[in-house]
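Participant: You'll find structure03.txt just under this line, and it carries compact mmCIF, C-alpha atoms.
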# COMPACT_ATOMS: atom_id res chain seq x y z
CA MET A 1 -34.30 10.24 30.17
CA THR A 2 -32.24 10.03 33.36
CA PHE A 3 -30.63 6.72 32.30
CA LYS A 4 -29.30 8.42 29.18
CA TYR A 5 -27.42 10.99 31.27
CA PHE A 6 -26.07 8.26 33.51
CA LEU A 7 -24.83 6.30 30.47
CA VAL A 8 -23.23 9.35 28.87
CA THR A 9 -21.45 10.24 32.12
CA VAL A 10 -20.07 6.72 32.54
CA LEU A 11 -18.88 6.56 28.93
CA ILE A 12 -17.18 9.95 29.04
CA GLY A 13 -15.56 8.94 32.31
CA PHE A 14 -14.32 5.76 30.64
CA ILE A 15 -12.81 7.74 27.75
CA PHE A 16 -10.82 9.87 30.20
CA TYR A 17 -9.72 6.75 32.05
CA LEU A 18 -8.63 5.21 28.74
CA LEU A 19 -6.59 8.25 27.77
CA LEU A 20 -4.78 8.07 31.09
CA LEU A 21 -3.96 4.34 30.82
CA PRO A 22 -0.24 4.25 30.09
CA ARG A 23 0.18 0.54 29.48
CA LEU A 24 -1.90 0.08 26.34
CA ASP A 25 -0.37 0.47 22.90
CA LEU A 26 -1.83 3.05 20.56
CA LEU A 27 -3.62 0.53 18.33
CA ARG A 28 -5.58 -1.01 21.20
CA LYS A 29 -6.27 2.38 22.71
CA GLY A 30 -7.61 3.60 19.36
CA ALA A 31 -9.82 0.53 18.89
CA ILE A 32 -11.36 0.79 22.35
CA PHE A 33 -11.76 4.53 21.89
CA LEU A 34 -13.71 3.97 18.67
CA VAL A 35 -16.02 1.44 20.31
CA VAL A 36 -16.71 3.68 23.29
CA LEU A 37 -17.26 6.66 21.03
CA THR A 38 -19.83 4.66 19.01
CA MET A 39 -21.56 3.69 22.23
CA LEU A 40 -21.61 7.33 23.26
CA VAL A 41 -23.17 8.39 19.97
CA PHE A 42 -25.83 5.65 20.23
CA ALA A 43 -26.53 6.64 23.82
CA ILE A 44 -27.19 10.21 22.79
CA GLN A 45 -29.01 9.35 19.56
CA PRO A 46 -30.57 5.86 19.95
CA ASP A 47 -32.44 6.14 16.64
CA TRP A 48 -29.17 6.11 14.71
CA SER A 49 -28.40 2.58 15.90
CA THR A 50 -31.68 1.43 14.36
CA SER A 51 -30.85 2.89 10.98
CA VAL A 52 -27.42 1.20 11.10
CA ALA A 53 -29.09 -2.06 12.12
CA GLN A 54 -31.58 -1.94 9.28
CA ARG A 55 -28.77 -1.39 6.83
CA VAL A 56 -27.21 -4.75 7.88
CA GLY A 57 -30.52 -6.59 8.03
CA VAL A 58 -31.38 -6.39 11.73
CA SER A 59 -34.66 -4.66 12.54
CA ARG A 60 -33.84 -2.96 15.84
CA GLY A 61 -30.70 -1.15 16.93
CA VAL A 62 -30.78 -2.73 20.38
CA ASP A 63 -30.75 -6.17 18.78
CA LEU A 64 -27.68 -5.33 16.74
CA ILE A 65 -25.84 -4.15 19.84
CA PHE A 66 -26.99 -7.27 21.68
CA TYR A 67 -25.59 -9.55 18.95
CA LEU A 68 -22.31 -7.66 18.76
CA ALA A 69 -21.94 -7.74 22.54
CA HIS A 70 -22.46 -11.51 22.49
CA LEU A 71 -19.80 -12.03 19.85
CA THR A 72 -17.35 -9.79 21.66
CA LEU A 73 -17.84 -11.54 24.98
CA PHE A 74 -17.49 -14.96 23.39
CA PHE A 75 -14.28 -13.86 21.71
CA LEU A 76 -12.95 -12.46 24.97
CA ALA A 77 -13.79 -15.66 26.85
CA PHE A 78 -11.86 -17.63 24.25
CA VAL A 79 -8.84 -15.33 24.38
CA TYR A 80 -8.74 -15.59 28.17
CA PHE A 81 -9.13 -19.35 28.01
CA LEU A 82 -6.05 -19.58 25.80
CA LYS A 83 -4.17 -17.23 28.08
CA PHE A 84 -5.14 -19.33 31.08
CA LYS A 85 -3.93 -22.51 29.40
CA LYS A 86 -0.63 -20.88 28.56
CA MET A 87 -0.20 -19.66 32.10
CA GLU A 88 -1.01 -23.13 33.42
CA ALA A 89 1.72 -24.61 31.24
CA ARG A 90 4.25 -22.10 32.55
CA PHE A 91 3.14 -22.75 36.11
CA THR A 92 3.57 -26.50 35.61
CA LYS A 93 7.07 -25.94 34.31
CA LEU A 94 7.95 -23.77 37.27
CA VAL A 95 6.69 -26.29 39.84
CA ARG A 96 8.46 -29.11 37.98
CA GLU A 97 11.84 -27.36 37.88
CA LEU A 98 11.57 -26.50 41.57
CA ALA A 99 10.72 -30.11 42.38
CA LEU A 100 13.60 -31.48 40.31
CA ASP A 101 16.09 -29.07 41.87
CA ARG A 102 15.12 -30.19 45.35
CA ALA A 103 14.75 -33.90 44.74
CA ARG A 104 16.35 -35.94 47.49
CA THR A 105 16.91 -39.59 48.22
CA GLY A 106 15.85 -40.92 51.60
CA PRO A 107 17.88 -42.88 54.18
CA MET B 1 6.30 -61.18 45.92
CA PRO B 2 9.18 -60.61 43.50
CA ALA B 3 9.19 -63.10 40.66
CA LYS B 4 12.56 -64.68 41.23
CA HIS B 5 12.72 -66.60 37.96
CA LEU B 6 12.90 -63.37 36.01
CA GLY B 7 16.03 -62.27 37.83
CA GLU B 8 17.06 -59.02 39.41
CA VAL B 9 16.85 -55.53 37.99
CA GLY B 10 19.91 -53.32 37.90
CA PRO B 11 20.25 -49.65 38.82
CA GLU B 12 19.78 -48.63 35.20
CA THR B 13 16.06 -49.24 35.64
CA PHE B 14 14.04 -46.50 37.30
CA LEU B 15 10.56 -46.88 38.66
CA VAL B 16 8.45 -43.73 38.56
CA VAL B 17 5.48 -43.62 40.92
CA PRO B 18 3.19 -40.58 40.83
CA ALA B 19 1.44 -40.22 44.18
CA TYR B 20 -1.31 -37.89 45.34
CA ASN B 21 -2.76 -38.36 48.83
CA GLU B 22 -1.80 -42.02 49.07
CA ALA B 23 -0.66 -42.02 52.72
CA ARG B 24 -2.69 -45.15 53.48
CA VAL B 25 -0.98 -47.36 50.93
CA ILE B 26 2.17 -45.65 49.65
CA GLY B 27 4.43 -47.19 52.32
CA GLY B 28 3.39 -50.73 51.45
CA VAL B 29 3.48 -50.20 47.69
CA VAL B 30 6.94 -48.62 47.75
CA SER B 31 8.35 -51.22 50.13
CA SER B 32 7.18 -54.05 47.88
CA LEU B 33 8.73 -52.30 44.88
CA LEU B 34 12.05 -51.90 46.68
CA THR B 35 12.41 -55.67 47.03
CA THR B 36 12.86 -55.84 43.26
CA PHE B 37 13.73 -52.38 41.98
CA PRO B 38 16.67 -50.53 43.52
CA ASN B 39 15.79 -47.16 42.01
CA VAL B 40 12.33 -45.93 42.92
CA VAL B 41 11.34 -42.32 42.25
CA VAL B 42 8.13 -41.15 43.88
CA VAL B 43 6.66 -37.90 42.65
CA ASN B 44 4.60 -36.51 45.50
CA ASP B 45 2.10 -34.42 43.59
CA GLY B 46 1.29 -31.84 46.26
CA SER B 47 -0.35 -34.31 48.63
CA SER B 48 -2.13 -32.75 51.60
CA ASP B 49 -1.96 -35.89 53.74
CA ASP B 50 1.05 -37.67 55.30
CA THR B 51 2.38 -39.01 51.99
CA ALA B 52 5.48 -36.79 52.16
CA ALA B 53 6.24 -37.75 55.77
CA ILE B 54 5.94 -41.46 55.04
CA LEU B 55 8.17 -41.19 51.98
CA LYS B 56 10.86 -39.42 54.00
CA GLU B 57 11.45 -42.62 55.99
CA LEU B 58 11.88 -44.80 52.92
CA PRO B 59 15.05 -45.29 50.82
CA VAL B 60 13.53 -43.79 47.72
CA THR B 61 14.01 -40.60 45.77
CA VAL B 62 11.24 -38.14 46.43
CA VAL B 63 10.39 -35.32 44.06
CA ASN B 64 7.89 -32.93 45.60
CA HIS B 65 5.49 -30.86 43.57
CA TYR B 66 4.64 -27.96 45.87
CA VAL B 67 1.13 -27.84 44.49
CA ASN B 68 -1.03 -30.52 42.93
CA LEU B 69 -0.63 -30.53 39.16
CA GLY B 70 -2.16 -33.84 38.10
CA GLN B 71 -0.92 -37.31 37.25
CA GLY B 72 0.27 -36.43 33.76
CA ALA B 73 2.45 -33.62 35.08
CA ALA B 74 3.76 -35.86 37.87
CA LEU B 75 4.73 -38.58 35.40
CA GLN B 76 6.56 -36.07 33.24
CA THR B 77 8.48 -34.78 36.26
CA GLY B 78 9.44 -38.30 37.34
CA ILE B 79 10.51 -39.30 33.84
CA LYS B 80 12.61 -36.15 33.51
CA HIS B 81 14.31 -36.87 36.81
CA ALA B 82 15.04 -40.47 35.82
CA LEU B 83 16.46 -39.36 32.47
CA GLU B 84 18.69 -36.81 34.20
CA ARG B 85 20.07 -39.60 36.36
CA GLY B 86 20.90 -41.67 33.31
CA ALA B 87 18.10 -44.24 33.38
CA ARG B 88 18.09 -46.77 30.55
CA TYR B 89 14.67 -48.15 31.34
CA ILE B 90 11.82 -46.29 33.00
CA VAL B 91 8.76 -47.99 34.43
CA THR B 92 5.65 -46.07 35.44
CA PHE B 93 3.68 -47.59 38.27
CA ASP B 94 0.53 -46.40 40.06
CA ALA B 95 0.82 -45.61 43.75
CA ASP B 96 -2.53 -47.02 44.85
CA GLY B 97 -1.45 -50.65 44.85
CA GLN B 98 -3.46 -51.69 41.81
CA HIS B 99 -0.42 -53.04 39.96
CA ARG B 100 1.66 -56.12 40.75
CA VAL B 101 5.42 -55.89 41.10
CA GLU B 102 5.92 -59.04 39.04
CA ASP B 103 4.02 -57.44 36.16
CA ALA B 104 6.40 -54.46 36.24
CA LEU B 105 9.29 -56.90 36.22
CA ALA B 106 7.84 -58.78 33.26
CA ALA B 107 7.42 -55.50 31.38
CA VAL B 108 11.08 -54.57 31.97
CA HIS B 109 12.26 -57.97 30.80
CA MET B 110 10.16 -57.77 27.68
CA LEU B 111 11.67 -54.35 26.98
CA ARG B 112 15.21 -55.60 27.60
CA GLU B 113 14.74 -58.47 25.18
CA GLY B 114 14.65 -55.81 22.50
CA GLY B 115 12.40 -55.56 19.48
CA CYS B 116 10.38 -52.70 20.93
CA ASP B 117 10.79 -49.33 22.62
CA VAL B 118 7.81 -49.41 24.92
CA VAL B 119 5.91 -52.11 26.77
CA CYS B 120 2.43 -51.20 27.97
CA GLY B 121 0.48 -53.18 30.51
CA SER B 122 -2.89 -54.45 29.40
CA ARG B 123 -5.54 -55.82 31.69
CA PHE B 124 -7.47 -57.18 28.72
CA LEU B 125 -4.65 -59.30 27.38
CA GLY B 126 -4.22 -62.89 28.51
CA THR B 127 -6.60 -65.10 30.34
CA THR B 128 -7.78 -63.50 33.53
CA SER B 129 -9.90 -60.42 33.57
CA ASN B 130 -11.34 -59.26 36.85
CA VAL B 131 -12.40 -55.86 35.61
CA PRO B 132 -15.78 -54.61 36.89
CA ARG B 133 -18.42 -54.46 34.18
CA THR B 134 -19.14 -50.74 33.81
CA ARG B 135 -15.43 -50.05 33.96
CA LYS B 136 -14.87 -52.60 31.23
CA ILE B 137 -17.39 -50.97 28.91
CA ILE B 138 -15.88 -47.51 29.40
CA LEU B 139 -12.30 -48.73 29.11
CA LYS B 140 -13.09 -50.60 25.93
CA ALA B 141 -14.68 -47.49 24.45
CA ALA B 142 -11.60 -45.50 25.49
CA VAL B 143 -9.37 -48.05 23.76
CA ARG B 144 -11.37 -47.77 20.55
CA LEU B 145 -11.22 -44.00 20.59
CA ALA B 146 -7.51 -43.95 21.42
CA ASN B 147 -6.75 -46.39 18.64
CA LEU B 148 -8.81 -44.35 16.26
CA THR B 149 -7.06 -41.08 17.06
CA THR B 150 -3.51 -42.37 17.54
CA GLY B 151 -3.51 -45.10 14.90
CA ALA B 152 -2.18 -47.62 17.41
CA ARG B 153 -3.65 -51.07 17.95
CA MET B 154 -3.76 -51.52 21.69
CA THR B 155 -6.03 -53.52 23.95
CA ASP B 156 -5.88 -51.19 26.96
CA ALA B 157 -5.69 -47.40 26.87
CA HIS B 158 -5.56 -46.27 30.47
CA ASN B 159 -3.15 -48.62 32.15
CA GLY B 160 -0.69 -46.95 34.52
CA LEU B 161 1.93 -49.67 34.12
CA ARG B 162 4.37 -49.05 31.28
CA ALA B 163 8.03 -49.70 30.63
CA LEU B 164 9.84 -47.18 28.43
CA SER B 165 13.28 -47.30 26.92
CA ARG B 166 15.41 -44.19 27.38
CA LYS B 167 14.84 -43.31 23.75
CA ALA B 168 11.06 -43.57 24.11
CA ALA B 169 10.96 -41.65 27.40
CA ALA B 170 12.94 -38.81 25.85
CA CYS B 171 10.19 -38.43 23.22
CA LEU B 172 7.61 -37.53 25.81
CA ASP B 173 6.62 -33.95 26.44
CA LEU B 174 3.27 -34.24 28.15
CA SER B 175 1.06 -31.19 28.16
CA GLN B 176 -1.99 -33.00 29.48
CA SER B 177 -1.51 -32.56 33.20
CA GLY B 178 -4.66 -34.44 34.08
CA MET B 179 -5.82 -37.91 33.22
CA ALA B 180 -5.84 -37.41 29.45
CA HIS B 181 -2.09 -38.04 29.54
CA ALA B 182 -2.62 -41.77 28.93
CA SER B 183 -3.75 -41.20 25.37
CA GLU B 184 -1.23 -38.41 24.94
CA ILE B 185 1.64 -40.75 25.80
CA ILE B 186 0.57 -43.21 23.12
CA SER B 187 0.08 -40.52 20.50
CA GLN B 188 3.51 -38.94 21.19
CA LEU B 189 5.20 -42.34 21.06
CA ARG B 190 3.47 -43.04 17.77
CA GLN B 191 4.55 -39.69 16.38
CA HIS B 192 8.16 -40.64 17.07
CA LYS B 193 7.62 -44.05 15.49
CA MET B 194 8.30 -45.93 18.70
CA LEU B 195 7.45 -49.62 18.68
CA ILE B 196 4.88 -50.48 21.31
CA ARG B 197 4.19 -53.94 22.66
CA GLU B 198 1.77 -55.04 25.32
CA VAL B 199 2.20 -57.30 28.28
CA PRO B 200 -0.70 -58.89 30.17
CA VAL B 201 -1.07 -57.48 33.68
CA GLN B 202 -3.52 -57.91 36.49
CA ILE B 203 -5.20 -55.05 38.25
CA ALA B 204 -6.12 -55.42 41.89
CA TYR B 205 -9.52 -53.78 42.11
CA THR B 206 -9.49 -53.31 45.85
CA GLU B 207 -11.99 -51.14 47.64
CA TYR B 208 -9.21 -48.59 48.08
CA SER B 209 -8.01 -48.51 44.49
CA LEU B 210 -11.55 -48.25 43.19
CA ALA B 211 -12.36 -45.38 45.53
CA LYS B 212 -9.06 -43.66 44.89
CA GLY B 213 -9.10 -44.28 41.15
CA GLN B 214 -11.04 -42.30 38.64
CA SER B 215 -14.77 -42.30 38.63
CA SER B 216 -16.12 -43.67 35.39
CA LEU B 217 -17.77 -40.33 34.79
CA ASN B 218 -14.34 -38.74 34.51
CA SER B 219 -14.08 -40.28 31.05
CA ILE B 220 -16.16 -37.35 29.83
CA ASN B 221 -13.63 -34.88 31.26
CA ILE B 222 -10.78 -36.78 29.63
CA LEU B 223 -12.55 -36.63 26.30
CA LEU B 224 -13.02 -32.89 26.67
CA ASP B 225 -9.35 -32.40 27.59
CA LEU B 226 -8.28 -34.32 24.51
CA VAL B 227 -10.51 -32.31 22.20
CA ILE B 228 -9.28 -29.02 23.68
CA GLY B 229 -5.70 -30.29 23.46
CA ARG B 230 -6.15 -30.84 19.74
CA PHE B 231 -7.25 -27.25 19.27
CA LEU B 232 -4.36 -25.84 21.21
CA LYS B 233 -1.73 -27.67 19.18
Please go through the file and, once you have read it, give me the structure as structure tokens.
Facilitator:
Amino acid sequence: MTFKYFLVTVLIGFIFYLLLLPRLDLLRKGAIFLVVLTMLVFAIQPDWSTSVAQRVGVSRGVDLIFYLAHLTLFFLAFVYFLKFKKMEARFTKLVRELALDRARTGP
Amino acid sequence: MPAKHLGEVGPETFLVVPAYNEARVIGGVVSSLLTTFPNVVVVNDGSSDDTAAILKELPVTVVNHYVNLGQGAALQTGIKHALERGARYIVTFDADGQHRVEDALAAVHMLREGGCDVVCGSRFLGTTSNVPRTRKIILKAAVRLANLTTGARMTDAHNGLRALSRKAAACLDLSQSGMAHASEIISQLRQHKMLIREVPVQIAYTEYSLAKGQSSLNSINILLDLVIGRFLK
């Protein structure tokens, strides 16, 4: 039972943190808020996740959350990979322009 | 060393040499190039050894990458610099001493004769082939794959010696910073319908160039880079 309280505290804390974040646009904020709220509901009422899972053909609620978490993390890894590649390209350009500006011919 | 019968090369020809930690050989390689080519551009790709200090003493143009970016990025920087200085012909040449100056000269002359936009060195063309066996197998596989994906018909895919006309060099916009640039160069040239010819060259497989060069296992990384590159396009 204690873990439940811990989880609920963390999630509520996260919601407050999210509301205070100024940099995110409303759409993202709303999406994250929905996800955290769902997590909160499932933390308080774990049986509900099972009934949702069975409706989509997964037997246990924990399994459904496990699958969804996997997909989300994979998606995030991919997004960050693309971001990294883009940053690398910009970095290359920066180093190149600096090098070209300071090219010099020896004695 | 310079092949006298082929004549001199004017200042409209630029030699681009990407160098990363080549302090042991760069002085000798550049000096031998200077006997034939007046314009040598060395791109010091963030070397952590004395490469920069050695280059300072030589009458060459040095372009310094502050951090190491990779050979593809270094080539692109050197080519851009040469184009900005009005080069008509650009030759790429490895810094580790594996190429021969006379082969570079032959490539430039072939290019100047006209009839093509690019001349690529091939170690598998012509009579002599001193390529180590495992390397040969991997290089041949790389050639097949490159030909398959780019539609070109080449005999060597990863040769650092090439001569490009100004028009061909201007087509290049390399995004493969690492070693996958070799295939990328061919595919970009093909996209712009550049005519590619090959010239037989010899590679000096010295202990140094073999140690400094790519490990054969790196072919897997190159393959991965190319696949990822396709997805990012």
Participant: Can you tell me, as an MDAnalysis selection string, what residues are no more than 9 Å from Pro59 (chain B) when counting all atoms listed in the file, ignoring any on the same chain fewer than 5 positions away?
Facilitator: (chainID A and resid 105:107) or (chainID B and resid 31 34 40)
Participant: Point out the residue among B:Ala204, B:Met179, B:Val43, B:Leu111 with the least atom-to-atom distance to Ala163 (chain B), counting all atoms listed in the file.
Facilitator: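 The answer is B:Leu111, which sits nearest to Ala163 (chain B).
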Participant: Please identify every residue of chain B that has at least one atom no more than 10 Å from any atom of chain A, counting all atoms listed in the file, and report them as an MDAnalysis selection string.
Facilitator: chainID B and resid 39:45 55:70 73:74 76:78 80:81 84 175:177 229 232
Participant: Using all atoms of region 13-21 of chain A that appear in the file, construct an axis-aligned enclosing box with 6 Å of padding on every side and provide its centre coordinates and edge lengths in Å, rounded to one decimal, as lines of an AutoDock Vina configuration file.
Facilitator:
center_x = -9.8
center_y = 7.1
center_z = 30.0
size_x = 23.6
size_y = 17.5
size_z = 16.6
Participant: Quick check, in Å to one decimal: how far apart do CA of Ile15 (chain A) and CA of Ile32 (chain A) lie?
Facilitator: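 Rounded to one decimal, the two atoms are 8.9 Å apart.
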Participant: Could you list, as a PDB file with C-alpha atoms, keeping the file's coordinate frame, every residue within 12 Å of Ile137 (chain B), counting all atoms listed in the file and ignoring same-chain residues fewer than 4 positions away?
Facilitator:
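Listed below is the output, out21.pdb:
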ATOM      1  CA  PHE B 124      -7.470 -57.180  28.720  1.00  0.00           C
ATOM      2  CA  VAL B 131     -12.400 -55.860  35.610  1.00  0.00           C
ATOM      3  CA  PRO B 132     -15.780 -54.610  36.890  1.00  0.00           C
ATOM      4  CA  ARG B 133     -18.420 -54.460  34.180  1.00  0.00           C
ATOM      5  CA  ALA B 141     -14.680 -47.490  24.450  1.00  0.00           C
ATOM      6  CA  ALA B 142     -11.600 -45.500  25.490  1.00  0.00           C
ATOM      7  CA  VAL B 143      -9.370 -48.050  23.760  1.00  0.00           C
ATOM      8  CA  ARG B 144     -11.370 -47.770  20.550  1.00  0.00           C
ATOM      9  CA  ASP B 156      -5.880 -51.190  26.960  1.00  0.00           C
ATOM     10  CA  SER B 216     -16.120 -43.670  35.390  1.00  0.00           C
ATOM     11  CA  SER B 219     -14.080 -40.280  31.050  1.00  0.00           C
TER      12      SER B 219
END
Participant: Once you count only C-alpha atoms, which residues end up no further than 12 Å from (-4.3, -31.8, 52.8) in the file's frame, shown as a list in words?
Facilitator: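 Output: Tyr20, Asn21, Glu22, Ala23, Asp45, Gly46, Ser47, Ser48, Asp49, Asp50, Thr51, Ala52, Tyr66, Val67 and Asn68 of chain B.
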Participant: In Å, rounded to a single decimal, give me how far CA of Arg24 (chain B) is from CA of Ala157 (chain B).
Facilitator: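 Between these atoms lies a distance of 26.9 Å.
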Participant: Have a look at CA of Asp225 (chain B) and CA of Ala180 (chain B) and let me know their distance in Å, one decimal.
Facilitator: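 Between CA of Asp225 (chain B) and CA of Ala180 (chain B) the gap works out to 6.4 Å.
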